[in-house]
Amino acid sequence: VAVAAASTITACASVEQNAPPLEIVSVHNVPGRTKQEICGAARDWAAVSFRDSNAVVQVYDAERGTMISKGKLLLAGAFSTPFDISFTLTVDCKDGKARSRWDGFAIRWRGIEYPLTEDPLNSMQTKARAAVANIDAGLYERLKSGAAEADF
């Protein structure tokens, strides 16, 4: 297992120095929702999805239309070795629209963080993209339904 983990990390670390960092951006149309409602829904979604909004929500400013949070994915590497992948999620909101930007991806192994880059040959980058697509779909559903306090 240690060899498999080392090969996964080595693959991440040996990427060309000029490879850009992994960034995933989605634009969501949320007709009929205000900037404040969308931003509140993003905050509520983070609280439920990450189980502790105080630990993950770094910035919440509904007037400006921004929510920034930190999170982690647990993804299986070679031979199903589990890896923590940390990331930053920024949701920018305006009336009827939201943009989610997932970046700052890093694999933590043996106390060292290795950034994930836009390397199509890196299986962890591919797995991170698939996981984020699934999670982002849940975020979009929450944005469409609105913030919890707006439902009462």
# chains A, B, ... in the order shown; residues from 1 in each chain; ligands from 1

$ residues_around --residues "Val56 in chain A" --least-positions-apart "3" --cutoff "12 Å" --atoms "only C-alpha atoms" --output "list of chain:residue names"
A:Arg43, A:Asp44, A:Trp45, A:Ala46, A:Ala47, A:Val48, A:Ser49, A:Phe50, A:Arg51, A:Asp52, A:Ser53, A:Val59, A:Tyr60, A:Met67, A:Ile68, A:Ser69, A:Lys70, A:Gly71, A:Lys72, A:Ser86, A:Phe87, A:Thr88, A:Leu89, A:Thr90

$ write_last_selection --atoms "C-alpha atoms" --output "PDB file, in the first residue's frame"
ATOM      1  CA  ARG A  43     -24.065  28.954   2.937  1.00  0.00           C
ATOM      2  CA  ASP A  44     -26.852  26.618   4.079  1.00  0.00           C
ATOM      3  CA  TRP A  45     -25.726  23.980   1.605  1.00  0.00           C
ATOM      4  CA  ALA A  46     -22.135  24.190   2.912  1.00  0.00           C
ATOM      5  CA  ALA A  47     -23.382  23.819   6.496  1.00  0.00           C
ATOM      6  CA  VAL A  48     -25.325  20.664   5.634  1.00  0.00           C
ATOM      7  CA  SER A  49     -22.829  19.194   3.170  1.00  0.00           C
ATOM      8  CA  PHE A  50     -19.707  19.760   5.249  1.00  0.00           C
ATOM      9  CA  ARG A  51     -21.509  19.238   8.606  1.00  0.00           C
ATOM     10  CA  ASP A  52     -19.965  22.271  10.331  1.00  0.00           C
ATOM     11  CA  SER A  53     -20.440  25.658   8.708  1.00  0.00           C
ATOM     12  CA  VAL A  59     -16.281  34.249   4.123  1.00  0.00           C
ATOM     13  CA  TYR A  60     -19.991  34.934   3.921  1.00  0.00           C
ATOM     14  CA  MET A  67     -19.411  32.680   0.019  1.00  0.00           C
ATOM     15  CA  ILE A  68     -15.985  31.045   0.364  1.00  0.00           C
ATOM     16  CA  SER A  69     -15.534  27.719   2.083  1.00  0.00           C
ATOM     17  CA  LYS A  70     -12.874  25.075   2.609  1.00  0.00           C
ATOM     18  CA  GLY A  71     -13.564  21.398   2.244  1.00  0.00           C
ATOM     19  CA  LYS A  72     -12.105  17.942   1.790  1.00  0.00           C
ATOM     20  CA  SER A  86      -8.445  19.679   0.275  1.00  0.00           C
ATOM     21  CA  PHE A  87     -10.014  22.445  -1.802  1.00  0.00           C
ATOM     22  CA  THR A  88     -11.515  25.922  -1.703  1.00  0.00           C
ATOM     23  CA  LEU A  89     -15.026  26.594  -2.983  1.00  0.00           C
ATOM     24  CA  THR A  90     -16.003  30.144  -3.907  1.00  0.00           C
TER      25      THR A  90
END

$ select_by_dssp --residues "range 26-91 of chain A" --states "strand (DSSP E or B)" --output "PDB file with all heavy atoms, in the first residue's frame"
ATOM      1  N   SER A  26     -18.248  26.363 -12.636  1.00  0.00           N
ATOM      2  CA  SER A  26     -19.593  26.129 -13.169  1.00  0.00           C
ATOM      3  C   SER A  26     -20.413  27.392 -12.994  1.00  0.00           C
ATOM      4  O   SER A  26     -20.307  28.066 -11.978  1.00  0.00           O
ATOM      5  CB  SER A  26     -20.291  24.999 -12.411  1.00  0.00           C
ATOM      6  OG  SER A  26     -19.590  23.800 -12.529  1.00  0.00           O
ATOM      7  N   VAL A  27     -21.240  27.698 -13.990  1.00  0.00           N
ATOM      8  CA  VAL A  27     -22.173  28.811 -13.887  1.00  0.00           C
ATOM      9  C   VAL A  27     -23.571  28.210 -13.817  1.00  0.00           C
ATOM     10  O   VAL A  27     -23.919  27.341 -14.614  1.00  0.00           O
ATOM     11  CB  VAL A  27     -22.039  29.774 -15.079  1.00  0.00           C
ATOM     12  CG1 VAL A  27     -23.114  30.862 -15.021  1.00  0.00           C
ATOM     13  CG2 VAL A  27     -20.650  30.385 -15.111  1.00  0.00           C
ATOM     14  N   HIS A  28     -24.331  28.657 -12.821  1.00  0.00           N
ATOM     15  CA  HIS A  28     -25.676  28.128 -12.589  1.00  0.00           C
ATOM     16  C   HIS A  28     -26.704  29.232 -12.769  1.00  0.00           C
ATOM     17  O   HIS A  28     -26.591  30.292 -12.154  1.00  0.00           O
ATOM     18  CB  HIS A  28     -25.785  27.577 -11.158  1.00  0.00           C
ATOM     19  CG  HIS A  28     -24.760  26.554 -10.831  1.00  0.00           C
ATOM     20  ND1 HIS A  28     -24.765  25.289 -11.360  1.00  0.00           N
ATOM     21  CD2 HIS A  28     -23.675  26.611 -10.017  1.00  0.00           C
ATOM     22  CE1 HIS A  28     -23.741  24.601 -10.887  1.00  0.00           C
ATOM     23  NE2 HIS A  28     -23.068  25.375 -10.073  1.00  0.00           N
ATOM     24  N   ASN A  29     -27.696  28.982 -13.613  1.00  0.00           N
ATOM     25  CA  ASN A  29     -28.818  29.909 -13.748  1.00  0.00           C
ATOM     26  C   ASN A  29     -29.827  29.586 -12.664  1.00  0.00           C
ATOM     27  O   ASN A  29     -30.230  28.434 -12.497  1.00  0.00           O
ATOM     28  CB  ASN A  29     -29.455  29.779 -15.133  1.00  0.00           C
ATOM     29  CG  ASN A  29     -28.556  30.330 -16.206  1.00  0.00           C
ATOM     30  OD1 ASN A  29     -27.998  31.408 -16.057  1.00  0.00           O
ATOM     31  ND2 ASN A  29     -28.394  29.588 -17.283  1.00  0.00           N
ATOM     32  N   VAL A  57     -17.009  27.497   6.355  1.00  0.00           N
ATOM     33  CA  VAL A  57     -17.318  28.783   5.727  1.00  0.00           C
ATOM     34  C   VAL A  57     -16.319  29.822   6.228  1.00  0.00           C
ATOM     35  O   VAL A  57     -16.290  30.158   7.399  1.00  0.00           O
ATOM     36  CB  VAL A  57     -18.778  29.213   5.993  1.00  0.00           C
ATOM     37  CG1 VAL A  57     -19.032  30.606   5.412  1.00  0.00           C
ATOM     38  CG2 VAL A  57     -19.754  28.207   5.416  1.00  0.00           C
ATOM     39  N   GLN A  58     -15.500  30.297   5.313  1.00  0.00           N
ATOM     40  CA  GLN A  58     -14.464  31.273   5.648  1.00  0.00           C
ATOM     41  C   GLN A  58     -14.962  32.704   5.482  1.00  0.00           C
ATOM     42  O   GLN A  58     -14.628  33.571   6.265  1.00  0.00           O
ATOM     43  CB  GLN A  58     -13.235  31.061   4.749  1.00  0.00           C
ATOM     44  CG  GLN A  58     -12.702  29.646   4.754  1.00  0.00           C
ATOM     45  CD  GLN A  58     -12.066  29.273   6.070  1.00  0.00           C
ATOM     46  OE1 GLN A  58     -11.174  29.954   6.539  1.00  0.00           O
ATOM     47  NE2 GLN A  58     -12.533  28.199   6.670  1.00  0.00           N
ATOM     48  N   VAL A  59     -15.743  32.921   4.423  1.00  0.00           N
ATOM     49  CA  VAL A  59     -16.281  34.249   4.123  1.00  0.00           C
ATOM     50  C   VAL A  59     -17.733  34.076   3.722  1.00  0.00           C
ATOM     51  O   VAL A  59     -18.063  33.222   2.901  1.00  0.00           O
ATOM     52  CB  VAL A  59     -15.505  34.924   2.966  1.00  0.00           C
ATOM     53  CG1 VAL A  59     -16.172  36.227   2.554  1.00  0.00           C
ATOM     54  CG2 VAL A  59     -14.056  35.151   3.326  1.00  0.00           C
ATOM     55  N   TYR A  60     -18.592  34.892   4.332  1.00  0.00           N
ATOM     56  CA  TYR A  60     -19.991  34.934   3.921  1.00  0.00           C
ATOM     57  C   TYR A  60     -20.415  36.383   3.912  1.00  0.00           C
ATOM     58  O   TYR A  60     -20.444  37.042   4.945  1.00  0.00           O
ATOM     59  CB  TYR A  60     -20.878  34.113   4.861  1.00  0.00           C
ATOM     60  CG  TYR A  60     -22.348  34.276   4.530  1.00  0.00           C
ATOM     61  CD1 TYR A  60     -22.874  33.712   3.380  1.00  0.00           C
ATOM     62  CD2 TYR A  60     -23.184  35.028   5.343  1.00  0.00           C
ATOM     63  CE1 TYR A  60     -24.213  33.875   3.051  1.00  0.00           C
ATOM     64  CE2 TYR A  60     -24.526  35.193   5.022  1.00  0.00           C
ATOM     65  CZ  TYR A  60     -25.027  34.622   3.874  1.00  0.00           C
ATOM     66  OH  TYR A  60     -26.343  34.781   3.542  1.00  0.00           O
ATOM     67  N   ASP A  61     -20.723  36.912   2.730  1.00  0.00           N
ATOM     68  CA  ASP A  61     -21.150  38.298   2.588  1.00  0.00           C
ATOM     69  C   ASP A  61     -22.277  38.335   1.553  1.00  0.00           C
ATOM     70  O   ASP A  61     -22.024  38.396   0.348  1.00  0.00           O
ATOM     71  CB  ASP A  61     -19.971  39.164   2.143  1.00  0.00           C
ATOM     72  CG  ASP A  61     -20.298  40.645   2.121  1.00  0.00           C
ATOM     73  OD1 ASP A  61     -21.500  40.999   2.081  1.00  0.00           O
ATOM     74  OD2 ASP A  61     -19.358  41.452   2.135  1.00  0.00           O
ATOM     75  N   THR A  66     -20.938  36.795  -1.984  1.00  0.00           N
ATOM     76  CA  THR A  66     -19.797  35.876  -1.962  1.00  0.00           C
ATOM     77  C   THR A  66     -19.854  34.948  -0.765  1.00  0.00           C
ATOM     78  O   THR A  66     -20.134  35.375   0.349  1.00  0.00           O
ATOM     79  CB  THR A  66     -18.464  36.660  -1.905  1.00  0.00           C
ATOM     80  OG1 THR A  66     -18.386  37.503  -3.054  1.00  0.00           O
ATOM     81  CG2 THR A  66     -17.267  35.737  -1.902  1.00  0.00           C
ATOM     82  N   MET A  67     -19.587  33.675  -1.034  1.00  0.00           N
ATOM     83  CA  MET A  67     -19.411  32.680   0.019  1.00  0.00           C
ATOM     84  C   MET A  67     -18.165  31.876  -0.348  1.00  0.00           C
ATOM     85  O   MET A  67     -18.052  31.376  -1.457  1.00  0.00           O
ATOM     86  CB  MET A  67     -20.625  31.749   0.114  1.00  0.00           C
ATOM     87  CG  MET A  67     -20.683  30.872   1.356  1.00  0.00           C
ATOM     88  SD  MET A  67     -19.790  29.299   1.338  1.00  0.00           S
ATOM     89  CE  MET A  67     -20.402  28.460  -0.076  1.00  0.00           C
ATOM     90  N   ILE A  68     -17.217  31.815   0.573  1.00  0.00           N
ATOM     91  CA  ILE A  68     -15.985  31.045   0.364  1.00  0.00           C
ATOM     92  C   ILE A  68     -15.891  30.019   1.473  1.00  0.00           C
ATOM     93  O   ILE A  68     -16.048  30.354   2.652  1.00  0.00           O
ATOM     94  CB  ILE A  68     -14.736  31.952   0.375  1.00  0.00           C
ATOM     95  CG1 ILE A  68     -14.845  33.031  -0.713  1.00  0.00           C
ATOM     96  CG2 ILE A  68     -13.463  31.117   0.192  1.00  0.00           C
ATOM     97  CD1 ILE A  68     -13.757  34.087  -0.653  1.00  0.00           C
ATOM     98  N   SER A  69     -15.654  28.775   1.082  1.00  0.00           N
ATOM     99  CA  SER A  69     -15.534  27.719   2.083  1.00  0.00           C
ATOM    100  C   SER A  69     -14.361  26.812   1.755  1.00  0.00           C
ATOM    101  O   SER A  69     -13.864  26.792   0.631  1.00  0.00           O
ATOM    102  CB  SER A  69     -16.824  26.902   2.168  1.00  0.00           C
ATOM    103  OG  SER A  69     -17.057  26.231   0.950  1.00  0.00           O
ATOM    104  N   LYS A  70     -13.933  26.083   2.749  1.00  0.00           N
ATOM    105  CA  LYS A  70     -12.874  25.075   2.609  1.00  0.00           C
ATOM    106  C   LYS A  70     -13.528  23.722   2.788  1.00  0.00           C
ATOM    107  O   LYS A  70     -14.473  23.569   3.549  1.00  0.00           O
ATOM    108  CB  LYS A  70     -11.799  25.252   3.677  1.00  0.00           C
ATOM    109  CG  LYS A  70     -11.096  26.589   3.651  1.00  0.00           C
ATOM    110  CD  LYS A  70     -10.057  26.614   2.587  1.00  0.00           C
ATOM    111  CE  LYS A  70      -9.273  27.922   2.673  1.00  0.00           C
ATOM    112  NZ  LYS A  70      -8.241  27.995   1.691  1.00  0.00           N
ATOM    113  N   GLY A  71     -13.013  22.733   2.107  1.00  0.00           N
ATOM    114  CA  GLY A  71     -13.564  21.398   2.244  1.00  0.00           C
ATOM    115  C   GLY A  71     -12.543  20.335   1.918  1.00  0.00           C
ATOM    116  O   GLY A  71     -11.409  20.633   1.544  1.00  0.00           O
ATOM    117  N   LYS A  72     -12.965  19.089   2.085  1.00  0.00           N
ATOM    118  CA  LYS A  72     -12.105  17.942   1.790  1.00  0.00           C
ATOM    119  C   LYS A  72     -12.910  16.863   1.105  1.00  0.00           C
ATOM    120  O   LYS A  72     -14.084  16.664   1.385  1.00  0.00           O
ATOM    121  CB  LYS A  72     -11.507  17.364   3.066  1.00  0.00           C
ATOM    122  CG  LYS A  72     -10.455  18.228   3.682  1.00  0.00           C
ATOM    123  CD  LYS A  72      -9.769  17.521   4.821  1.00  0.00           C
ATOM    124  CE  LYS A  72      -8.722  18.456   5.389  1.00  0.00           C
ATOM    125  NZ  LYS A  72      -7.883  17.814   6.345  1.00  0.00           N
ATOM    126  N   LEU A  73     -12.243  16.192   0.203  1.00  0.00           N
ATOM    127  CA  LEU A  73     -12.771  14.995  -0.435  1.00  0.00           C
ATOM    128  C   LEU A  73     -11.935  13.827   0.039  1.00  0.00           C
ATOM    129  O   LEU A  73     -10.735  13.984   0.286  1.00  0.00           O
ATOM    130  CB  LEU A  73     -12.625  15.073  -1.959  1.00  0.00           C
ATOM    131  CG  LEU A  73     -13.302  16.207  -2.707  1.00  0.00           C
ATOM    132  CD1 LEU A  73     -12.807  16.242  -4.154  1.00  0.00           C
ATOM    133  CD2 LEU A  73     -14.791  16.013  -2.673  1.00  0.00           C
ATOM    134  N   LEU A  74     -12.511  12.673   0.159  1.00  0.00           N
ATOM    135  CA  LEU A  74     -11.759  11.460   0.439  1.00  0.00           C
ATOM    136  C   LEU A  74     -11.849  10.613  -0.819  1.00  0.00           C
ATOM    137  O   LEU A  74     -12.937  10.146  -1.184  1.00  0.00           O
ATOM    138  CB  LEU A  74     -12.327  10.711   1.648  1.00  0.00           C
ATOM    139  CG  LEU A  74     -11.550   9.483   2.091  1.00  0.00           C
ATOM    140  CD1 LEU A  74     -10.129   9.868   2.524  1.00  0.00           C
ATOM    141  CD2 LEU A  74     -12.265   8.791   3.237  1.00  0.00           C
ATOM    142  N   LEU A  75     -10.722  10.492  -1.528  1.00  0.00           N
ATOM    143  CA  LEU A  75     -10.702   9.757  -2.791  1.00  0.00           C
ATOM    144  C   LEU A  75      -9.738   8.585  -2.704  1.00  0.00           C
ATOM    145  O   LEU A  75      -8.695   8.678  -2.051  1.00  0.00           O
ATOM    146  CB  LEU A  75     -10.273  10.677  -3.933  1.00  0.00           C
ATOM    147  CG  LEU A  75     -11.171  11.863  -4.227  1.00  0.00           C
ATOM    148  CD1 LEU A  75     -10.578  12.717  -5.331  1.00  0.00           C
ATOM    149  CD2 LEU A  75     -12.565  11.407  -4.606  1.00  0.00           C
ATOM    150  N   ALA A  76     -10.080   7.522  -3.392  1.00  0.00           N
ATOM    151  CA  ALA A  76      -9.223   6.339  -3.417  1.00  0.00           C
ATOM    152  C   ALA A  76      -8.162   6.499  -4.496  1.00  0.00           C
ATOM    153  O   ALA A  76      -8.464   6.809  -5.641  1.00  0.00           O
ATOM    154  CB  ALA A  76     -10.053   5.094  -3.674  1.00  0.00           C
ATOM    155  N   PRO A  82      -6.767   5.482   0.511  1.00  0.00           N
ATOM    156  CA  PRO A  82      -7.547   6.720   0.640  1.00  0.00           C
ATOM    157  C   PRO A  82      -6.648   7.956   0.785  1.00  0.00           C
ATOM    158  O   PRO A  82      -5.631   7.918   1.475  1.00  0.00           O
ATOM    159  CB  PRO A  82      -8.361   6.498   1.912  1.00  0.00           C
ATOM    160  CG  PRO A  82      -7.557   5.534   2.709  1.00  0.00           C
ATOM    161  CD  PRO A  82      -6.792   4.680   1.731  1.00  0.00           C
ATOM    162  N   PHE A  83      -7.038   9.016   0.112  1.00  0.00           N
ATOM    163  CA  PHE A  83      -6.322  10.283   0.195  1.00  0.00           C
ATOM    164  C   PHE A  83      -7.296  11.401   0.499  1.00  0.00           C
ATOM    165  O   PHE A  83      -8.385  11.458  -0.075  1.00  0.00           O
ATOM    166  CB  PHE A  83      -5.610  10.614  -1.131  1.00  0.00           C
ATOM    167  CG  PHE A  83      -4.410   9.787  -1.391  1.00  0.00           C
ATOM    168  CD1 PHE A  83      -4.488   8.677  -2.202  1.00  0.00           C
ATOM    169  CD2 PHE A  83      -3.191  10.110  -0.821  1.00  0.00           C
ATOM    170  CE1 PHE A  83      -3.377   7.895  -2.454  1.00  0.00           C
ATOM    171  CE2 PHE A  83      -2.071   9.338  -1.062  1.00  0.00           C
ATOM    172  CZ  PHE A  83      -2.163   8.229  -1.883  1.00  0.00           C
ATOM    173  N   ASP A  84      -6.886  12.315   1.394  1.00  0.00           N
ATOM    174  CA  ASP A  84      -7.632  13.548   1.635  1.00  0.00           C
ATOM    175  C   ASP A  84      -7.225  14.553   0.567  1.00  0.00           C
ATOM    176  O   ASP A  84      -6.035  14.811   0.378  1.00  0.00           O
ATOM    177  CB  ASP A  84      -7.279  14.143   3.007  1.00  0.00           C
ATOM    178  CG  ASP A  84      -8.061  13.520   4.133  1.00  0.00           C
ATOM    179  OD1 ASP A  84      -9.139  12.959   3.879  1.00  0.00           O
ATOM    180  OD2 ASP A  84      -7.581  13.586   5.277  1.00  0.00           O
ATOM    181  N   ILE A  85      -8.210  15.113  -0.090  1.00  0.00           N
ATOM    182  CA  ILE A  85      -7.975  16.163  -1.079  1.00  0.00           C
ATOM    183  C   ILE A  85      -8.645  17.423  -0.541  1.00  0.00           C
ATOM    184  O   ILE A  85      -9.865  17.473  -0.413  1.00  0.00           O
ATOM    185  CB  ILE A  85      -8.585  15.815  -2.453  1.00  0.00           C
ATOM    186  CG1 ILE A  85      -8.227  14.408  -2.914  1.00  0.00           C
ATOM    187  CG2 ILE A  85      -8.236  16.877  -3.479  1.00  0.00           C
ATOM    188  CD1 ILE A  85      -6.814  14.211  -3.323  1.00  0.00           C
ATOM    189  N   SER A  86      -7.862  18.428  -0.206  1.00  0.00           N
ATOM    190  CA  SER A  86      -8.445  19.679   0.275  1.00  0.00           C
ATOM    191  C   SER A  86      -8.716  20.599  -0.916  1.00  0.00           C
ATOM    192  O   SER A  86      -8.097  20.464  -1.973  1.00  0.00           O
ATOM    193  CB  SER A  86      -7.516  20.360   1.286  1.00  0.00           C
ATOM    194  OG  SER A  86      -6.271  20.660   0.690  1.00  0.00           O
ATOM    195  N   PHE A  87      -9.662  21.515  -0.735  1.00  0.00           N
ATOM    196  CA  PHE A  87     -10.014  22.445  -1.802  1.00  0.00           C
ATOM    197  C   PHE A  87     -10.648  23.694  -1.199  1.00  0.00           C
ATOM    198  O   PHE A  87     -11.025  23.729  -0.033  1.00  0.00           O
ATOM    199  CB  PHE A  87     -10.978  21.806  -2.812  1.00  0.00           C
ATOM    200  CG  PHE A  87     -12.292  21.393  -2.209  1.00  0.00           C
ATOM    201  CD1 PHE A  87     -13.346  22.288  -2.089  1.00  0.00           C
ATOM    202  CD2 PHE A  87     -12.475  20.097  -1.743  1.00  0.00           C
ATOM    203  CE1 PHE A  87     -14.556  21.905  -1.517  1.00  0.00           C
ATOM    204  CE2 PHE A  87     -13.677  19.703  -1.181  1.00  0.00           C
ATOM    205  CZ  PHE A  87     -14.719  20.606  -1.069  1.00  0.00           C
ATOM    206  N   THR A  88     -10.778  24.714  -2.034  1.00  0.00           N
ATOM    207  CA  THR A  88     -11.515  25.922  -1.703  1.00  0.00           C
ATOM    208  C   THR A  88     -12.675  26.044  -2.682  1.00  0.00           C
ATOM    209  O   THR A  88     -12.499  25.828  -3.879  1.00  0.00           O
ATOM    210  CB  THR A  88     -10.609  27.169  -1.805  1.00  0.00           C
ATOM    211  OG1 THR A  88      -9.516  27.026  -0.911  1.00  0.00           O
ATOM    212  CG2 THR A  88     -11.375  28.444  -1.488  1.00  0.00           C
ATOM    213  N   LEU A  89     -13.847  26.357  -2.158  1.00  0.00           N
ATOM    214  CA  LEU A  89     -15.026  26.594  -2.983  1.00  0.00           C
ATOM    215  C   LEU A  89     -15.433  28.051  -2.806  1.00  0.00           C
ATOM    216  O   LEU A  89     -15.659  28.503  -1.689  1.00  0.00           O
ATOM    217  CB  LEU A  89     -16.192  25.684  -2.570  1.00  0.00           C
ATOM    218  CG  LEU A  89     -17.569  26.050  -3.119  1.00  0.00           C
ATOM    219  CD1 LEU A  89     -17.599  25.991  -4.644  1.00  0.00           C
ATOM    220  CD2 LEU A  89     -18.633  25.161  -2.510  1.00  0.00           C
ATOM    221  N   THR A  90     -15.517  28.773  -3.915  1.00  0.00           N
ATOM    222  CA  THR A  90     -16.003  30.144  -3.907  1.00  0.00           C
ATOM    223  C   THR A  90     -17.290  30.183  -4.714  1.00  0.00           C
ATOM    224  O   THR A  90     -17.315  29.717  -5.865  1.00  0.00           O
ATOM    225  CB  THR A  90     -14.972  31.105  -4.536  1.00  0.00           C
ATOM    226  OG1 THR A  90     -13.738  30.985  -3.833  1.00  0.00           O
ATOM    227  CG2 THR A  90     -15.464  32.545  -4.488  1.00  0.00           C
ATOM    228  N   VAL A  91     -18.363  30.700  -4.113  1.00  0.00           N
ATOM    229  CA  VAL A  91     -19.628  30.874  -4.825  1.00  0.00           C
ATOM    230  C   VAL A  91     -19.873  32.371  -4.920  1.00  0.00           C
ATOM    231  O   VAL A  91     -20.013  33.051  -3.903  1.00  0.00           O
ATOM    232  CB  VAL A  91     -20.798  30.166  -4.103  1.00  0.00           C
ATOM    233  CG1 VAL A  91     -22.094  30.366  -4.895  1.00  0.00           C
ATOM    234  CG2 VAL A  91     -20.515  28.673  -3.929  1.00  0.00           C
TER     235      VAL A  91
END

$ residues_around --residues "range 35-41 of chain A" --least-positions-apart "5" --cutoff "7 Å" --atoms "only C-alpha atoms" --output "PyMOL selection string"
chain A and resi 62-63+65-67+93-95+142-143+146-148

$ select_by_dssp --residues "chain A" --states "helix (DSSP H, G or I)" --output "PyMOL selection string"
chain A and resi 2-13+35-49+53-56+78-80+123-145+148-151

$ atom_distance --atom1 "CA of Gly77 in chain A" --atom2 "CA of Met124 in chain A"
6.7 Å

$ decode --residues "range 113-128 of chain A" --atoms "N, CA, C and O atoms" --output "short mmCIF file (atom, residue, chain, number, x, y, z; two decimals), in the first residue's frame"
data_model
loop_
_atom_site.label_atom_id
_atom_site.label_comp_id
_atom_site.auth_asym_id
_atom_site.auth_seq_id
_atom_site.Cartn_x
_atom_site.Cartn_y
_atom_site.Cartn_z
N GLU A 113 1.54 18.55 1.65
CA GLU A 113 0.50 18.77 0.65
C GLU A 113 1.13 18.89 -0.73
O GLU A 113 2.11 19.60 -0.92
N TYR A 114 0.52 18.18 -1.68
CA TYR A 114 0.95 18.21 -3.07
C TYR A 114 -0.20 18.76 -3.90
O TYR A 114 -1.30 18.20 -3.88
N PRO A 115 0.02 19.85 -4.64
CA PRO A 115 -1.08 20.44 -5.41
C PRO A 115 -1.51 19.55 -6.57
O PRO A 115 -0.68 18.87 -7.18
N LEU A 116 -2.80 19.54 -6.84
CA LEU A 116 -3.31 18.87 -8.03
C LEU A 116 -3.30 19.87 -9.18
O LEU A 116 -3.71 21.02 -9.00
N THR A 117 -2.83 19.43 -10.32
CA THR A 117 -2.74 20.32 -11.48
C THR A 117 -3.61 19.79 -12.61
O THR A 117 -4.17 18.70 -12.53
N GLU A 118 -3.70 20.57 -13.66
CA GLU A 118 -4.46 20.20 -14.86
C GLU A 118 -3.65 19.20 -15.68
O GLU A 118 -3.19 19.48 -16.77
N ASP A 119 -3.47 18.02 -15.13
CA ASP A 119 -2.73 16.96 -15.80
C ASP A 119 -3.69 15.82 -16.12
O ASP A 119 -4.09 15.08 -15.22
N PRO A 120 -4.09 15.65 -17.39
CA PRO A 120 -5.08 14.63 -17.73
C PRO A 120 -4.58 13.20 -17.48
O PRO A 120 -5.37 12.27 -17.43
N LEU A 121 -3.28 13.01 -17.30
CA LEU A 121 -2.74 11.67 -17.04
C LEU A 121 -2.78 11.32 -15.56
O LEU A 121 -2.53 10.19 -15.18
N ASN A 122 -3.09 12.30 -14.71
CA ASN A 122 -3.13 12.06 -13.27
C ASN A 122 -4.52 11.57 -12.88
O ASN A 122 -5.50 12.30 -12.99
N SER A 123 -4.60 10.33 -12.42
CA SER A 123 -5.91 9.75 -12.10
C SER A 123 -6.59 10.48 -10.94
O SER A 123 -7.82 10.53 -10.88
N MET A 124 -5.83 11.07 -10.01
CA MET A 124 -6.44 11.80 -8.89
C MET A 124 -7.14 13.06 -9.38
O MET A 124 -8.19 13.43 -8.88
N GLN A 125 -6.57 13.72 -10.38
CA GLN A 125 -7.21 14.91 -10.96
C GLN A 125 -8.51 14.50 -11.61
O GLN A 125 -9.54 15.16 -11.46
N THR A 126 -8.51 13.38 -12.31
CA THR A 126 -9.72 12.88 -12.96
C THR A 126 -10.78 12.52 -11.92
O THR A 126 -11.96 12.85 -12.07
N LYS A 127 -10.37 11.86 -10.84
CA LYS A 127 -11.31 11.48 -9.78
C LYS A 127 -11.85 12.71 -9.07
O LYS A 127 -13.03 12.77 -8.71
N ALA A 128 -11.00 13.71 -8.86
CA ALA A 128 -11.45 14.95 -8.21
C ALA A 128 -12.49 15.66 -9.07
O ALA A 128 -13.50 16.13 -8.57
#
